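A.B. asks: Sharing final12.pdb here; it has PDB, C-alpha atoms.
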MODEL        1
ATOM      1  CA  GLU A   1     -33.961-168.948 -38.705  1.00  0.00           C
ATOM      2  CA  LEU A   2     -37.428-170.486 -38.398  1.00  0.00           C
ATOM      3  CA  ASN A   3     -36.154-172.934 -35.792  1.00  0.00           C
ATOM      4  CA  GLU A   4     -34.915-170.003 -33.712  1.00  0.00           C
ATOM      5  CA  LEU A   5     -38.465-168.617 -33.588  1.00  0.00           C
ATOM      6  CA  ASP A   6     -39.705-171.853 -32.009  1.00  0.00           C
ATOM      7  CA  GLU A   7     -43.195-171.168 -33.384  1.00  0.00           C
ATOM      8  CA  ILE A   8     -44.670-174.424 -34.691  1.00  0.00           C
ATOM      9  CA  LYS A   9     -47.482-172.663 -36.581  1.00  0.00           C
ATOM     10  CA  ILE A  10     -44.980-170.567 -38.527  1.00  0.00           C
ATOM     11  CA  LYS A  11     -43.053-173.719 -39.456  1.00  0.00           C
ATOM     12  CA  TYR A  12     -46.180-175.433 -40.768  1.00  0.00           C
ATOM     13  CA  ASP A  13     -47.183-172.251 -42.591  1.00  0.00           C
ATOM     14  CA  ALA A  14     -43.787-172.313 -44.311  1.00  0.00           C
ATOM     15  CA  ILE A  15     -44.299-175.943 -45.386  1.00  0.00           C
ATOM     16  CA  ASN A  16     -47.798-175.123 -46.638  1.00  0.00           C
ATOM     17  CA  LEU A  17     -46.289-172.322 -48.703  1.00  0.00           C
ATOM     18  CA  CYS A  18     -43.700-174.750 -50.102  1.00  0.00           C
ATOM     19  CA  PHE A  19     -46.468-177.124 -51.182  1.00  0.00           C
ATOM     20  CA  GLU A  20     -48.391-174.213 -52.740  1.00  0.00           C
ATOM     21  CA  VAL A  21     -45.324-173.260 -54.783  1.00  0.00           C
ATOM     22  CA  MET A  22     -44.774-176.907 -55.771  1.00  0.00           C
ATOM     23  CA  ALA A  23     -48.394-177.247 -56.939  1.00  0.00           C
ATOM     24  CA  ALA A  24     -48.516-173.931 -58.804  1.00  0.00           C
ATOM     25  CA  ASP A  25     -47.762-175.631 -62.124  1.00  0.00           C
ATOM     26  CA  GLY A  26     -50.150-178.527 -61.420  1.00  0.00           C
ATOM     27  CA  LYS A  27     -47.337-181.051 -61.045  1.00  0.00           C
ATOM     28  CA  ALA A  28     -45.423-182.631 -58.201  1.00  0.00           C
ATOM     29  CA  ASP A  29     -41.850-182.418 -59.401  1.00  0.00           C
ATOM     30  CA  PRO A  30     -39.605-184.975 -57.632  1.00  0.00           C
ATOM     31  CA  GLU A  31     -36.913-182.365 -56.983  1.00  0.00           C
ATOM     32  CA  GLU A  32     -39.445-180.026 -55.381  1.00  0.00           C
ATOM     33  CA  MET A  33     -40.820-182.886 -53.268  1.00  0.00           C
ATOM     34  CA  ASN A  34     -37.300-183.728 -52.071  1.00  0.00           C
ATOM     35  CA  ILE A  35     -36.621-180.116 -51.159  1.00  0.00           C
ATOM     36  CA  ILE A  36     -39.842-179.946 -49.146  1.00  0.00           C
ATOM     37  CA  LYS A  37     -38.924-183.216 -47.428  1.00  0.00           C
ATOM     38  CA  GLU A  38     -35.515-181.800 -46.451  1.00  0.00           C
ATOM     39  CA  ILE A  39     -37.055-178.545 -45.202  1.00  0.00           C
ATOM     40  CA  SER A  40     -39.528-180.548 -43.101  1.00  0.00           C
ATOM     41  CA  LYS A  41     -36.721-182.587 -41.578  1.00  0.00           C
ATOM     42  CA  GLY A  42     -34.711-179.435 -40.897  1.00  0.00           C
ATOM     43  CA  LEU A  43     -37.685-177.891 -39.124  1.00  0.00           C
ATOM     44  CA  ASP A  44     -38.172-181.112 -37.128  1.00  0.00           C
ATOM     45  CA  LEU A  45     -41.854-181.369 -38.070  1.00  0.00           C
ATOM     46  CA  ASP A  46     -44.104-184.380 -37.558  1.00  0.00           C
ATOM     47  CA  SER A  47     -43.820-186.576 -40.656  1.00  0.00           C
ATOM     48  CA  SER A  48     -47.438-187.760 -40.445  1.00  0.00           C
ATOM     49  CA  GLU A  49     -48.634-184.145 -40.440  1.00  0.00           C
ATOM     50  CA  ILE A  50     -46.393-183.383 -43.420  1.00  0.00           C
ATOM     51  CA  GLN A  51     -47.900-186.368 -45.252  1.00  0.00           C
ATOM     52  CA  ARG A  52     -51.406-185.094 -44.482  1.00  0.00           C
ATOM     53  CA  ILE A  53     -50.506-181.682 -45.921  1.00  0.00           C
ATOM     54  CA  ARG A  54     -48.855-183.310 -48.957  1.00  0.00           C
ATOM     55  CA  ASP A  55     -51.858-185.569 -49.592  1.00  0.00           C
ATOM     56  CA  LYS A  56     -54.247-182.651 -49.365  1.00  0.00           C
ATOM     57  CA  LYS A  57     -52.210-180.665 -51.878  1.00  0.00           C
ATOM     58  CA  LEU A  58     -51.793-183.620 -54.255  1.00  0.00           C
ATOM     59  CA  LEU A  59     -55.530-184.218 -54.123  1.00  0.00           C
ATOM     60  CA  ALA A  60     -56.142-180.544 -54.905  1.00  0.00           C
ATOM     61  CA  ILE A  61     -54.031-180.622 -58.070  1.00  0.00           C
ATOM     62  CA  GLY A  62     -55.654-183.874 -59.213  1.00  0.00           C
ATOM     63  CA  ALA A  63     -54.046-186.692 -61.135  1.00  0.00           C
ATOM     64  CA  LEU A  64     -50.357-186.060 -61.484  1.00  0.00           C
ATOM     65  CA  ASP A  65     -48.190-186.384 -64.526  1.00  0.00           C
ATOM     66  CA  GLN A  66     -46.562-189.757 -63.942  1.00  0.00           C
ATOM     67  CA  ALA A  67     -43.513-188.691 -65.933  1.00  0.00           C
ATOM     68  CA  THR A  68     -42.643-185.944 -63.458  1.00  0.00           C
ATOM     69  CA  SER A  69     -43.459-187.753 -60.211  1.00  0.00           C
ATOM     70  CA  SER A  70     -41.699-190.877 -59.050  1.00  0.00           C
ATOM     71  CA  LEU A  71     -43.624-193.635 -57.343  1.00  0.00           C
ATOM     72  CA  GLU A  72     -41.718-192.973 -54.137  1.00  0.00           C
ATOM     73  CA  ASP A  73     -42.464-189.241 -54.210  1.00  0.00           C
ATOM     74  CA  MET A  74     -46.160-189.769 -54.750  1.00  0.00           C
ATOM     75  CA  LEU A  75     -46.382-192.288 -51.910  1.00  0.00           C
ATOM     76  CA  GLY A  76     -44.063-190.487 -49.493  1.00  0.00           C
ATOM     77  CA  ILE A  77     -41.498-193.287 -49.423  1.00  0.00           C
ATOM     78  CA  ASP A  78     -38.055-192.381 -48.147  1.00  0.00           C
ATOM     79  CA  GLN A  79     -35.627-194.440 -50.210  1.00  0.00           C
ATOM     80  CA  THR A  80     -33.304-194.789 -47.212  1.00  0.00           C
ATOM     81  CA  TRP A  81     -35.938-196.937 -45.461  1.00  0.00           C
ATOM     82  CA  ASP A  82     -35.485-200.707 -45.327  1.00  0.00           C
ATOM     83  CA  ASN A  83     -38.038-202.948 -47.077  1.00  0.00           C
ATOM     84  CA  ASN A  84     -39.934-203.716 -43.856  1.00  0.00           C
ATOM     85  CA  LYS A  85     -40.505-200.025 -43.161  1.00  0.00           C
ATOM     86  CA  ILE A  86     -41.548-199.446 -46.778  1.00  0.00           C
ATOM     87  CA  LYS A  87     -44.014-202.361 -46.603  1.00  0.00           C
ATOM     88  CA  SER A  88     -45.469-201.016 -43.364  1.00  0.00           C
ATOM     89  CA  HIS A  89     -45.775-197.551 -44.895  1.00  0.00           C
ATOM     90  CA  LEU A  90     -47.509-198.997 -47.974  1.00  0.00           C
ATOM     91  CA  THR A  91     -49.993-200.834 -45.757  1.00  0.00           C
ATOM     92  CA  ASN A  92     -50.834-197.586 -43.975  1.00  0.00           C
ATOM     93  CA  GLU A  93     -51.125-195.718 -47.276  1.00  0.00           C
ATOM     94  CA  PHE A  94     -53.424-198.421 -48.650  1.00  0.00           C
ATOM     95  CA  LYS A  95     -55.721-198.169 -45.621  1.00  0.00           C
ATOM     96  CA  LYS A  96     -55.814-194.392 -45.904  1.00  0.00           C
ATOM     97  CA  TRP A  97     -56.556-194.215 -49.639  1.00  0.00           C
ATOM     98  CA  ASN A  98     -58.909-197.204 -49.627  1.00  0.00           C
ATOM     99  CA  ASN A  99     -61.014-195.517 -46.937  1.00  0.00           C
ATOM    100  CA  ARG A 100     -61.000-192.255 -48.893  1.00  0.00           C
ATOM    101  CA  ILE A 101     -62.021-193.754 -52.220  1.00  0.00           C
ATOM    102  CA  ASN A 102     -65.192-195.158 -50.691  1.00  0.00           C
ATOM    103  CA  ALA A 103     -66.133-191.770 -49.239  1.00  0.00           C
ATOM    104  CA  LEU A 104     -65.408-189.635 -52.295  1.00  0.00           C
ATOM    105  CA  PRO A 105     -68.021-188.821 -54.935  1.00  0.00           C
ATOM    106  CA  GLU A 106     -67.329-189.572 -58.588  1.00  0.00           C
ATOM    107  CA  GLY A 107     -64.898-187.084 -60.085  1.00  0.00           C
ATOM    108  CA  LYS A 108     -61.259-186.033 -60.044  1.00  0.00           C
ATOM    109  CA  ASP A 109     -60.743-186.649 -56.314  1.00  0.00           C
ATOM    110  CA  ARG A 110     -61.984-190.226 -56.597  1.00  0.00           C
ATOM    111  CA  LYS A 111     -59.858-190.779 -59.729  1.00  0.00           C
ATOM    112  CA  PHE A 112     -56.835-189.472 -57.862  1.00  0.00           C
ATOM    113  CA  ALA A 113     -57.522-191.808 -54.932  1.00  0.00           C
ATOM    114  CA  GLN A 114     -57.700-194.698 -57.405  1.00  0.00           C
ATOM    115  CA  LEU A 115     -54.402-193.554 -58.933  1.00  0.00           C
ATOM    116  CA  MET A 116     -52.841-193.657 -55.468  1.00  0.00           C
ATOM    117  CA  LEU A 117     -54.182-197.190 -54.889  1.00  0.00           C
ATOM    118  CA  ASP A 118     -52.769-198.248 -58.269  1.00  0.00           C
ATOM    119  CA  ASN A 119     -49.395-196.757 -57.335  1.00  0.00           C
ATOM    120  CA  ILE A 120     -49.447-198.576 -53.996  1.00  0.00           C
ATOM    121  CA  ALA A 121     -49.988-201.840 -55.886  1.00  0.00           C
ATOM    122  CA  LYS A 122     -47.027-201.035 -58.159  1.00  0.00           C
ATOM    123  CA  ALA A 123     -44.852-200.211 -55.147  1.00  0.00           C
ATOM    124  CA  ARG A 124     -45.827-203.466 -53.426  1.00  0.00           C
ATOM    125  CA  LYS A 125     -44.636-205.373 -56.509  1.00  0.00           C
ATOM    126  CA  LYS A 126     -41.434-203.346 -56.600  1.00  0.00           C
ATOM    127  CA  TYR A 127     -40.581-203.780 -52.901  1.00  0.00           C
ATOM    128  CA  GLY A 128     -41.830-207.362 -52.535  1.00  0.00           C
TER     129      GLY A 128
ENDMDL
END
As structure tokens, what does this structure read like?
C.D. replies:
Amino acid sequence: ELNELDEIKIKYDAINLCFEVMAADGKADPEEMNIIKEISKGLDLDSSEIQRIRDKKLLAIGALDQATSSLEDMLGIDQTWDNNKIKSHLTNEFKKWNNRINALPEGKDRKFAQLMLDNIAKARKKYG
């Protein structure tokens, strides 16, 4: 029904609401992240904009419970991607979070950025 409206702002508002609901308990549940990913694809939204929204929301809730968030969910990796695409994505994520960590003051946001960098390192080991 949202696609029939052809209003891009409404679509992004809907995704923002989805991320708000996901973050309400302070965790990024993998199932919730997958649902949001599917909704985004169904609405034909720009994946880089969705990642920006996701990153902003993850930063707002602070360090995530590793037990409830998979490495792929936290880093926005689509498991259907081939290794080359994953490596390219990880390089872009590293640049993004490395730039952020240097600009953030001490505190939870900087700790979260470091967590993301640590997860990128783990993913690089996992995907070669």
A.B. asks: Find, counting all atoms listed in the file, the residue in A:Leu45, A:Ile77, A:Ile10, A:Ile61 that gets nearest to Ala23 of chain A.
C.D. replies: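 Result for the nearest residue to Ala23 of chain A: A:Ile61.
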A.B. asks: Which value, in Å to one decimal, gives the distance between atom CA of Glu20 of chain A and atom CA of Ile50 of chain A?
C.D. replies: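 For atom CA of Glu20 of chain A relative to atom CA of Ile50 of chain A, the distance reads 13.2 Å.
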A.B. asks: Please identify all polymer residues lying at most 10 Å from the point (-50.2, -186.5, -50.8) (file coordinates), using only C-alpha atoms, and present the result as a PDB file with C-alpha atoms, keeping the file's coordinate frame.
C.D. replies:
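Here's the written file selection-v9.pdb:
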ATOM      1  CA  ALA A  28     -45.423-182.631 -58.201  1.00  0.00           C
ATOM      2  CA  ILE A  50     -46.393-183.383 -43.420  1.00  0.00           C
ATOM      3  CA  GLN A  51     -47.900-186.368 -45.252  1.00  0.00           C
ATOM      4  CA  ARG A  52     -51.406-185.094 -44.482  1.00  0.00           C
ATOM      5  CA  ILE A  53     -50.506-181.682 -45.921  1.00  0.00           C
ATOM      6  CA  ARG A  54     -48.855-183.310 -48.957  1.00  0.00           C
ATOM      7  CA  ASP A  55     -51.858-185.569 -49.592  1.00  0.00           C
ATOM      8  CA  LYS A  56     -54.247-182.651 -49.365  1.00  0.00           C
ATOM      9  CA  LYS A  57     -52.210-180.665 -51.878  1.00  0.00           C
ATOM     10  CA  LEU A  58     -51.793-183.620 -54.255  1.00  0.00           C
ATOM     11  CA  LEU A  59     -55.530-184.218 -54.123  1.00  0.00           C
ATOM     12  CA  ALA A  60     -56.142-180.544 -54.905  1.00  0.00           C
ATOM     13  CA  ASP A  73     -42.464-189.241 -54.210  1.00  0.00           C
ATOM     14  CA  MET A  74     -46.160-189.769 -54.750  1.00  0.00           C
ATOM     15  CA  LEU A  75     -46.382-192.288 -51.910  1.00  0.00           C
ATOM     16  CA  GLY A  76     -44.063-190.487 -49.493  1.00  0.00           C
ATOM     17  CA  GLU A  93     -51.125-195.718 -47.276  1.00  0.00           C
ATOM     18  CA  ALA A 113     -57.522-191.808 -54.932  1.00  0.00           C
ATOM     19  CA  MET A 116     -52.841-193.657 -55.468  1.00  0.00           C
TER      20      MET A 116
END
A.B. asks: Do you know which residues are at most 8 Å from Asn119 of chain A counting only C-alpha atoms, after dropping those on the same chain fewer than 4 positions away, and could you put them as a VMD selection string?
C.D. replies: chain A and resid 71 75 115 123
A.B. asks: Find the spatial neighbours of Tyr127 of chain A, counting all atoms listed in the file, within a cut-off of 12 Å - ignore same-chain residues fewer than 2 positions away - and output them as a list in words.
C.D. replies: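 Final neighbour list, sorted by chain and number: Leu71, Glu72, Ile77, Gln79, Trp81, Asp82, Asn83, Asn84, Lys85, Ile86, Lys87, Ser88, His89, Leu90, Ile120, Ala121, Lys122, Ala123, Arg124 and Lys125 of chain A.
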A.B. asks: When you count all atoms listed in the file, which of these residues is closest to Glu1 of chain A: A:Ile15, A:Ile101, A:Met22, A:Gly42?
C.D. replies: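 Using all atoms listed in the file, Glu1 of chain A sits closest to A:Gly42.
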A.B. asks: Which one of A:Asn102, A:Gly128, A:Leu43, A:Met33 sits closest to Lys9 of chain A if you count only C-alpha atoms?
C.D. replies: A:Leu43
A.B. asks: Return as JSON the box centre and box size in Å, one decimal, for an axis-aligned box around all listed atoms of segment 22-34 of chain A padded by 6 Å per side.
C.D. replies:
{"center_x": -43.5, "center_y": -179.5, "center_z": -57.1, "size_x": 25.2, "size_y": 23.0, "size_z": 22.1}
